[in-house]
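Colleague: I have a structure I would like to understand better, so I am pasting it below and will then ask my questions one at a time.
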Amino acid sequence: MTSLPEPKPIGTGTGRSPALNEMANAAIRAMAPHVLVQLTLRLALAVPFWRSGMLKWDGFLQIGDTAVTLFTDEFMLHLPGGPYPFPAPVLMAILSGIAELALPCLLVLGLATRFAAFCLLLMTAIIQLTIPDGWPLHLTWAAMALAIMSGGPGSLSVDRRLKR
């Protein structure tokens, strides 16, 4: 029985391809430094939650009727045997309105960043249970929150300044 030859790793043979490959990778890495990636992730995750939170309020500390109506009549938790209405819909509207403004502020500042990202990940899970068809967008939010939780806030953050 004859054996197959060992495959050659990609880029071997000429001696130039690995160097070109490394140069290309270095150029691409230079376009996306860690500090820019982390800042962009924080901003990108903050924006949709901030916008949603702004829609829930009719003024300073005044939750809007629309938000209460959504949690009372429209939003349902799609769990096995359900859907089920949200418990304490007025409280849920207030809490989500507060969280959707406070947590994005923390993200933008880079303050308590991993905690804020974790809370937004939990909110994303609840939103997914409420709007199951929105999973492509919710998956994107979850990926951003997980990346922030894993990679931290980056050097352009209050967290980094406080750590020093």
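In the structure tokens, chains take the letters A, B, ... in the order shown, each chain's residues start at 1, and ligands count up from 1 in the order shown.
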Compile the contact shell of range 84-93 of chain A as a list of chain:residue names: residues with an atom at most 7 Å away, counting only C-alpha atoms, same-chain residues fewer than 5 positions apart removed.
Modeller: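 In the requested format, the answer is A:Ala67, A:Val68, A:Phe71, A:Thr72, A:Phe75, A:Met76, A:Leu77, A:His78.
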Colleague: Please provide as JSON, numbers by chain all residues within 10 Å of Arg42 in chain A, with the sequence filter that same-chain residues fewer than 2 positions apart are discarded (counting only C-alpha atoms).
Modeller: {"A": [36, 37, 38, 39, 40, 44, 45, 46, 47, 104, 105, 106, 107, 108, 109, 110, 113, 116, 117, 144, 145, 147, 148, 152, 153, 154]}
Colleague: Counting only C-alpha atoms, which of A:Lys163, A:Lys56, A:Ile28, A:Thr124 gets nearest to Pro136 in chain A?
Modeller: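 Among the listed residues, A:Thr124 lies closest to Pro136 in chain A.
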Colleague: For Val158 in chain A, which residue out of A:Leu41, A:Ala112, A:Glu74, A:Ile63 is the nearest one, using only C-alpha atoms?
Modeller: A:Ala112
